[in-house]
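Q: There's a structure below that I have some questions on.
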Amino acid sequence: MRRVNAETQRVTQAGSGSGAGAVVRRLGVPGGVLAAVAGAFAYVGAVDPNQPGHYPVCPLLRLTGLYCPGCGGLRSAHAFVHGDLATALTDNALAVGGYLAFAVVWAVWVIRAVRGRPVRLDLGPLHLWSVGALVLVFTVVRNLPSGGWLHP
């Protein structure tokens with residue numbers, strides 16, 4: 001088994017390269033993802049979701065009157081882009097947590113890419129169930145009468 005792992009490591013190191021050109025190639029995908037996310041945030045920052053008619057209305061809110069976990073996400077992103085963190089948290093606190101989690105994961109991705117290491121996001125069942133439970137609790141609490149502070 002050690003020979004297989006050593007051989008895999010040698011092949012990976014030989015194919016990854018260590019020059020400046022190899023580093024630039026490895027940063028291509030994370031750079032593209034950052035460009036796409038920055039473009040989306042720039043658009044939401046430029047086109048105000050607080051003005052009616054620019055974005056579609058949440059179908060769950062329209063049909064049932066219940067807030068989904070994403071309700072207020074565009075308004076939150078708009079406030080976040082404009083540096084108003086208090087309003088962003090008021091509009092959708094879960095989305096702000098998602099923005100920050102994305103920033104951390106992206107930074108780790110870039111650091112590992114520069115070092116020539118593969119990106120591994122090993123989320124086990126406990127992590128996934130915990131995220132699902134967090135989203136469910138957030139959704140239920142924001143729809144309770146006492147959860148008005150979480151309404152967008």
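Identifiers in this document derive from the order of the structure tokens: chains are assigned A, B, ..., residues are numbered from 1 separately in each chain, and ligands are numbered from 1 in order of occurrence.
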What lies within 10 Å of stretch 133-141 of chain A using only C-alpha atoms, ignoring chain neighbours under 6 positions off, as a list in words?
A: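 The neighbour list is Leu66, Tyr67, Cys68, Pro69, Gly70, Cys71, Asn92, Ala93, Leu94, His127, Gly147, Gly148, Trp149, Leu150 and His151 of chain A.
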Q: Could you pull out all residues of stretch 5-149 of chain A with a DSSP call of alpha helix (DSSP H) and give them as a PyMOL selection string?
A: chain A and resi 5-16+20-26+28-46+59-64+73-81+85-91+93-115+125-143
Q: Using only C-alpha atoms for the distances, tell me which of A:Ala42, A:Trp109, A:Val81, A:Pro52 is nearest to A:Val29.
A: A:Trp109
